[in-house]
Amino acid sequence: NAPPTLPAALPPLMELLTSRSPEAMRPAVAMSVFPPLGAHLQGVKLTYWDGRDYEPAFMQVVAAEMSVGKSAVNLPIDYIIADIEARDDVARHKDAEWKERCATLKSTEDKPTRPKGLAVQVLSADMTNAAFVQRLADAKGRFLYTMMDEVELLDALKTNGRAGSVSQILRLAFDRGMYGQERVAATSVNEQVRVRWNWNASTTIQRGRAYFRKSIADGTLSRLSLATIVRGKYDWRSIPKYGAYGQPFADALQPYIDRLNTCHGTILCPEALEWTKQILDEHISFAESSDDEAYATLSFRAVLMGFLRAMVLYVMNGMVWSSEIGEFAAWSVRYDLWCKMRFFGDMLHQDLEAEDSAEQRTPSNLLDLLPHEFTRQQAQEMRMAQGRKPNPRMMLGQWVHRGYVAYDDTRGVYVKVK
């Protein structure tokens, strides 16, 4: 019932980022820092073992009980995105000045052209579809980033104005798919852009299950990464102790952020590729031994996300692979899958079973499926195995009438007629 334990020996960066968090919160913090870290990488391709290039796309949800400290993940994230927010402030100021100039002009006067260089990466969850598309276009290949205190805030972003369709954007964000809108008006946003959007969100377990219920089997769940906070028996007099962040923490973090900001091009790490094959084999073997299709279904993307975490750490470690990186990434895959199966496994099993039963069978010759001599019970079991109504009375009557079989009443069996 307990999630996999965070490795004792962590990569230096992960040691730093989790060092100020209470012990119970450290696994969630360790998983949650990757969306903002990935948002620093621009124009970086990470070569996977399947030969395709991926980008550091991360969507992280912390699902835990109420009042256990889910907001602990926000503290290190604030420091990670500090440099991005500083650049955003400049762009937001230019954007505000342009809008103010436009507002002072009469409708008959020519409006000034929207200035370039308005890339704003850190966005509020409360944005329209047009604003989302515009910000993606302004970013010029950078990742947008959003922090949401509640996962339901995703509903504020309605795909082309349709509520409840945000799961389409989530799938596009993981796959870096194309998205946009076309409008007739000259002042409207008319862009087709590639979705690069990393985000963090929190939820209680029950609300998370309800929110993603309709997105379990469409691939949305497998593209998300999950974390939780387990505090055991709650002591209401116990107050979690946080370490001090401040300038020393920011100074220690800055060299790692600089490595992300200066990284460009395609990155290939042979050690990471070998690690990926071993970890994928581990989880597929487990799925086979447990005969769990749901676990196998989730494993492929979970391992891919583990690879992306490993590659981000590889870049921040000065392009040097270490056993600590491999062990942490392996833990992150096991931990992510444990959370998904713990919170959503029953739903995924139900959806997969419903999908199997909904598959259309091609017509089968039911007579050929039975032995030369068969009983009424055998005919009934065969019909049930083919998804038919169990009662074989009308079928057997037709077969006897057409001379396909003869009934031997002395032995109580049907015999095929050649």
# chains A, B, ... in the order shown; residues from 1 in each chain; ligands from 1
>>> residues_around(residues="Ala227 in chain A", least_positions_apart="5", cutoff="12 Å", atoms="only C-alpha atoms", output="CSV table (one decimal) with N, CA and C atoms, in the first residue's frame")
chain,number,residue,atom,x,y,z
A,3,PRO,N,3.8,3.8,-1.5
A,3,PRO,CA,4.4,4.1,-2.8
A,3,PRO,C,5.9,3.8,-2.7
A,4,PRO,N,6.6,3.6,-3.9
A,4,PRO,CA,8.0,3.4,-3.9
A,4,PRO,C,8.8,4.5,-3.2
A,6,LEU,N,11.6,7.2,-2.2
A,6,LEU,CA,12.6,8.0,-2.9
A,6,LEU,C,14.0,7.5,-2.6
A,24,ALA,N,7.8,14.0,4.1
A,24,ALA,CA,6.6,13.4,3.5
A,24,ALA,C,6.3,14.1,2.2
A,25,MET,N,6.7,15.3,2.0
A,25,MET,CA,6.4,16.0,0.7
A,25,MET,C,7.5,15.9,-0.3
A,26,ARG,N,8.6,15.3,0.0
A,26,ARG,CA,9.7,15.3,-0.9
A,26,ARG,C,9.5,14.5,-2.2
A,27,PRO,N,8.8,13.3,-2.2
A,27,PRO,CA,8.5,12.7,-3.5
A,27,PRO,C,7.6,13.5,-4.4
A,28,ALA,N,6.6,14.2,-3.9
A,28,ALA,CA,5.8,15.1,-4.7
A,28,ALA,C,6.6,16.3,-5.2
A,29,VAL,N,7.4,16.8,-4.4
A,29,VAL,CA,8.3,17.9,-4.9
A,29,VAL,C,9.2,17.5,-6.0
A,30,ALA,N,9.8,16.3,-5.8
A,30,ALA,CA,10.8,15.8,-6.8
A,30,ALA,C,10.1,15.5,-8.1
A,31,MET,N,8.8,15.1,-8.1
A,31,MET,CA,8.1,14.9,-9.4
A,31,MET,C,7.7,16.3,-10.0
A,32,SER,N,7.3,17.2,-9.1
A,32,SER,CA,6.6,18.4,-9.6
A,32,SER,C,7.6,19.5,-10.2
A,33,VAL,N,8.8,19.4,-10.0
A,33,VAL,CA,9.8,20.4,-10.5
A,33,VAL,C,10.0,20.3,-12.0
A,59,MET,N,3.3,17.3,-17.7
A,59,MET,CA,2.1,17.8,-17.1
A,59,MET,C,1.9,17.0,-15.8
A,60,GLN,N,2.1,17.7,-14.6
A,60,GLN,CA,2.2,17.0,-13.3
A,60,GLN,C,1.0,17.3,-12.5
A,61,VAL,N,0.3,16.3,-11.9
A,61,VAL,CA,-0.8,16.5,-11.0
A,61,VAL,C,-0.4,15.8,-9.6
A,62,VAL,N,-0.6,16.6,-8.5
A,62,VAL,CA,-0.4,16.1,-7.2
A,62,VAL,C,-1.8,15.8,-6.7
A,63,ALA,N,-2.1,14.5,-6.4
A,63,ALA,CA,-3.4,14.0,-5.9
A,63,ALA,C,-3.2,13.5,-4.5
A,64,ALA,N,-3.8,14.1,-3.6
A,64,ALA,CA,-3.6,13.7,-2.2
A,64,ALA,C,-4.8,14.2,-1.4
A,65,GLU,N,-4.9,13.7,-0.1
A,65,GLU,CA,-6.0,14.1,0.8
A,65,GLU,C,-5.9,15.6,1.1
A,70,LYS,N,-0.1,20.0,0.0
A,70,LYS,CA,0.1,19.9,-1.5
A,70,LYS,C,0.8,21.1,-2.0
A,73,VAL,N,4.9,22.0,-3.1
A,73,VAL,CA,5.6,21.9,-4.4
A,73,VAL,C,5.8,23.3,-4.9
A,200,ASN,N,1.6,22.5,-13.7
A,200,ASN,CA,1.4,21.8,-12.5
A,200,ASN,C,0.0,22.0,-11.9
A,201,ALA,N,-0.6,21.0,-11.3
A,201,ALA,CA,-1.9,21.2,-10.7
A,201,ALA,C,-2.1,20.3,-9.5
A,202,SER,N,-3.0,20.6,-8.6
A,202,SER,CA,-3.2,19.9,-7.4
A,202,SER,C,-4.7,19.5,-7.4
A,203,THR,N,-5.0,18.4,-6.6
A,203,THR,CA,-6.4,18.0,-6.5
A,203,THR,C,-6.5,17.0,-5.3
A,204,THR,N,-7.7,16.9,-4.8
A,204,THR,CA,-7.9,15.8,-3.8
A,204,THR,C,-8.1,14.5,-4.7
A,205,ILE,N,-8.0,13.4,-4.1
A,205,ILE,CA,-8.0,12.1,-4.8
A,205,ILE,C,-9.4,11.9,-5.4
A,208,GLY,N,-10.1,14.4,-8.2
A,208,GLY,CA,-9.3,14.1,-9.4
A,208,GLY,C,-9.9,12.9,-10.1
A,331,TRP,N,13.0,5.3,-10.3
A,331,TRP,CA,12.0,5.5,-9.2
A,331,TRP,C,10.9,6.3,-9.7
A,332,SER,N,11.1,7.4,-10.5
A,332,SER,CA,10.0,8.2,-10.9
A,332,SER,C,9.0,7.5,-11.7
A,333,VAL,N,9.5,6.5,-12.5
A,333,VAL,CA,8.5,5.7,-13.3
A,333,VAL,C,7.7,4.8,-12.4
A,334,ARG,N,8.4,4.1,-11.5
A,334,ARG,CA,7.6,3.2,-10.6
A,334,ARG,C,6.6,4.0,-9.8
A,335,TYR,N,7.0,5.2,-9.3
A,335,TYR,CA,6.2,6.0,-8.5
A,335,TYR,C,5.0,6.5,-9.3
A,336,ASP,N,5.2,7.0,-10.5
A,336,ASP,CA,4.1,7.5,-11.3
A,336,ASP,C,3.1,6.4,-11.6
A,337,LEU,N,3.6,5.2,-11.9
A,337,LEU,CA,2.7,4.1,-12.2
A,337,LEU,C,2.0,3.6,-11.0
A,338,TRP,N,2.6,3.7,-9.8
A,338,TRP,CA,1.9,3.3,-8.6
A,338,TRP,C,0.8,4.2,-8.3
A,339,CYS,N,1.0,5.5,-8.5
A,339,CYS,CA,-0.1,6.5,-8.3
A,339,CYS,C,-1.2,6.3,-9.3
A,340,LYS,N,-0.9,6.1,-10.5
A,340,LYS,CA,-2.0,5.9,-11.5
A,340,LYS,C,-2.8,4.7,-11.3
A,341,MET,N,-2.1,3.6,-10.9
A,341,MET,CA,-2.9,2.3,-10.7
A,341,MET,C,-3.6,2.4,-9.4
A,342,ARG,N,-3.1,3.1,-8.4
A,342,ARG,CA,-3.7,3.3,-7.1
A,342,ARG,C,-5.0,4.1,-7.2
A,343,PHE,N,-5.0,5.2,-8.0
A,343,PHE,CA,-6.1,6.1,-8.0
A,343,PHE,C,-7.0,5.9,-9.2
>>> residues_around(residues="Leu157 in chain A", least_positions_apart="3", cutoff="8 Å", atoms="only C-alpha atoms", output="PDB file with all heavy atoms, in the first residue's frame")
ATOM      1  N   ALA A 125      -4.154  30.324 -15.343  1.00  0.00           N
ATOM      2  CA  ALA A 125      -5.065  29.321 -15.893  1.00  0.00           C
ATOM      3  C   ALA A 125      -6.325  29.964 -16.446  1.00  0.00           C
ATOM      4  O   ALA A 125      -7.017  29.367 -17.274  1.00  0.00           O
ATOM      5  CB  ALA A 125      -5.442  28.306 -14.814  1.00  0.00           C
ATOM      6  N   ASP A 126      -6.632  31.182 -16.017  1.00  0.00           N
ATOM      7  CA  ASP A 126      -7.834  31.874 -16.470  1.00  0.00           C
ATOM      8  C   ASP A 126      -7.527  32.624 -17.763  1.00  0.00           C
ATOM      9  O   ASP A 126      -7.282  33.828 -17.770  1.00  0.00           O
ATOM     10  CB  ASP A 126      -8.333  32.837 -15.386  1.00  0.00           C
ATOM     11  CG  ASP A 126      -9.644  33.487 -15.767  1.00  0.00           C
ATOM     12  OD1 ASP A 126     -10.295  32.996 -16.708  1.00  0.00           O
ATOM     13  OD2 ASP A 126     -10.020  34.493 -15.134  1.00  0.00           O
ATOM     14  N   MET A 127      -7.508  31.902 -18.876  1.00  0.00           N
ATOM     15  CA  MET A 127      -7.209  32.520 -20.169  1.00  0.00           C
ATOM     16  C   MET A 127      -8.181  31.985 -21.213  1.00  0.00           C
ATOM     17  O   MET A 127      -8.663  30.851 -21.137  1.00  0.00           O
ATOM     18  CB  MET A 127      -5.767  32.213 -20.591  1.00  0.00           C
ATOM     19  CG  MET A 127      -5.399  30.747 -20.613  1.00  0.00           C
ATOM     20  SD  MET A 127      -3.677  30.477 -21.028  1.00  0.00           S
ATOM     21  CE  MET A 127      -3.401  28.834 -20.349  1.00  0.00           C
ATOM     22  N   THR A 128      -8.474  32.816 -22.182  1.00  0.00           N
ATOM     23  CA  THR A 128      -9.358  32.403 -23.262  1.00  0.00           C
ATOM     24  C   THR A 128      -8.585  31.565 -24.265  1.00  0.00           C
ATOM     25  O   THR A 128      -7.345  31.540 -24.268  1.00  0.00           O
ATOM     26  CB  THR A 128      -9.944  33.622 -23.981  1.00  0.00           C
ATOM     27  OG1 THR A 128      -8.870  34.347 -24.611  1.00  0.00           O
ATOM     28  CG2 THR A 128     -10.671  34.532 -22.993  1.00  0.00           C
ATOM     29  N   ASN A 129      -9.339  30.919 -25.152  1.00  0.00           N
ATOM     30  CA  ASN A 129      -8.701  30.129 -26.194  1.00  0.00           C
ATOM     31  C   ASN A 129      -7.841  31.013 -27.096  1.00  0.00           C
ATOM     32  O   ASN A 129      -6.722  30.651 -27.478  1.00  0.00           O
ATOM     33  CB  ASN A 129      -9.770  29.409 -27.019  1.00  0.00           C
ATOM     34  CG  ASN A 129      -9.173  28.437 -28.011  1.00  0.00           C
ATOM     35  OD1 ASN A 129      -8.673  27.397 -27.628  1.00  0.00           O
ATOM     36  ND2 ASN A 129      -9.218  28.772 -29.284  1.00  0.00           N
ATOM     37  N   PHE A 132      -4.605  31.906 -25.371  1.00  0.00           N
ATOM     38  CA  PHE A 132      -3.711  30.749 -25.329  1.00  0.00           C
ATOM     39  C   PHE A 132      -2.983  30.596 -26.667  1.00  0.00           C
ATOM     40  O   PHE A 132      -1.761  30.407 -26.713  1.00  0.00           O
ATOM     41  CB  PHE A 132      -4.534  29.508 -25.006  1.00  0.00           C
ATOM     42  CG  PHE A 132      -3.733  28.237 -24.903  1.00  0.00           C
ATOM     43  CD1 PHE A 132      -2.777  28.069 -23.927  1.00  0.00           C
ATOM     44  CD2 PHE A 132      -3.954  27.194 -25.798  1.00  0.00           C
ATOM     45  CE1 PHE A 132      -2.045  26.896 -23.822  1.00  0.00           C
ATOM     46  CE2 PHE A 132      -3.235  26.015 -25.710  1.00  0.00           C
ATOM     47  CZ  PHE A 132      -2.280  25.877 -24.718  1.00  0.00           C
ATOM     48  N   LEU A 153      -9.278  24.159 -12.638  1.00  0.00           N
ATOM     49  CA  LEU A 153      -8.987  25.402 -13.349  1.00  0.00           C
ATOM     50  C   LEU A 153      -8.639  25.158 -14.809  1.00  0.00           C
ATOM     51  O   LEU A 153      -8.651  26.090 -15.621  1.00  0.00           O
ATOM     52  CB  LEU A 153      -7.838  26.146 -12.659  1.00  0.00           C
ATOM     53  CG  LEU A 153      -8.169  26.716 -11.273  1.00  0.00           C
ATOM     54  CD1 LEU A 153      -6.929  27.304 -10.630  1.00  0.00           C
ATOM     55  CD2 LEU A 153      -9.261  27.773 -11.375  1.00  0.00           C
ATOM     56  N   LEU A 154      -8.340  23.905 -15.160  1.00  0.00           N
ATOM     57  CA  LEU A 154      -8.127  23.587 -16.566  1.00  0.00           C
ATOM     58  C   LEU A 154      -9.351  23.897 -17.409  1.00  0.00           C
ATOM     59  O   LEU A 154      -9.249  24.179 -18.599  1.00  0.00           O
ATOM     60  CB  LEU A 154      -7.765  22.098 -16.724  1.00  0.00           C
ATOM     61  CG  LEU A 154      -6.357  21.671 -16.313  1.00  0.00           C
ATOM     62  CD1 LEU A 154      -6.263  20.167 -16.238  1.00  0.00           C
ATOM     63  CD2 LEU A 154      -5.326  22.216 -17.309  1.00  0.00           C
ATOM     64  N   ALA A 163     -16.676  23.750 -23.572  1.00  0.00           N
ATOM     65  CA  ALA A 163     -16.301  23.296 -22.232  1.00  0.00           C
ATOM     66  C   ALA A 163     -16.155  21.780 -22.226  1.00  0.00           C
ATOM     67  O   ALA A 163     -16.859  21.068 -22.930  1.00  0.00           O
ATOM     68  CB  ALA A 163     -17.355  23.716 -21.218  1.00  0.00           C
ATOM     69  N   VAL A 166     -11.014  20.179 -22.906  1.00  0.00           N
ATOM     70  CA  VAL A 166      -9.623  20.543 -22.651  1.00  0.00           C
ATOM     71  C   VAL A 166      -8.703  19.341 -22.781  1.00  0.00           C
ATOM     72  O   VAL A 166      -7.499  19.496 -23.030  1.00  0.00           O
ATOM     73  CB  VAL A 166      -9.489  21.186 -21.259  1.00  0.00           C
ATOM     74  CG1 VAL A 166      -9.704  20.160 -20.164  1.00  0.00           C
ATOM     75  CG2 VAL A 166      -8.132  21.871 -21.098  1.00  0.00           C
TER      76      VAL A 166
END
>>> residues_around(residues="Trp49 in chain A", least_positions_apart="2", cutoff="12 Å", atoms="only C-alpha atoms", output="list in words")
Leu46, Thr47, Gly51, Arg52, Asp53, Tyr54, Leu268, Cys269, Pro270, Glu271, Ala272, Leu273, Glu274, Trp275, Thr276, Lys277, Gln278, Leu280, Val303, Leu304, Phe307 and Leu308 of chain A
>>> atom_distance(atom1="CA of Gln134 in chain A", atom2="CA of Ser71 in chain A")
29.5 Å
>>> select_by_dssp(residues="range 53-259 of chain A", states="helix (DSSP H, G or I)", output="MDAnalysis selection string")
chainID A and resid 70:80 82:104 129:139 151:156 166:175 205:211 213:215 220:223 246:259
>>> atom_distance(atom1="CA of Ala2 in chain A", atom2="CA of Val68 in chain A")
16.1 Å
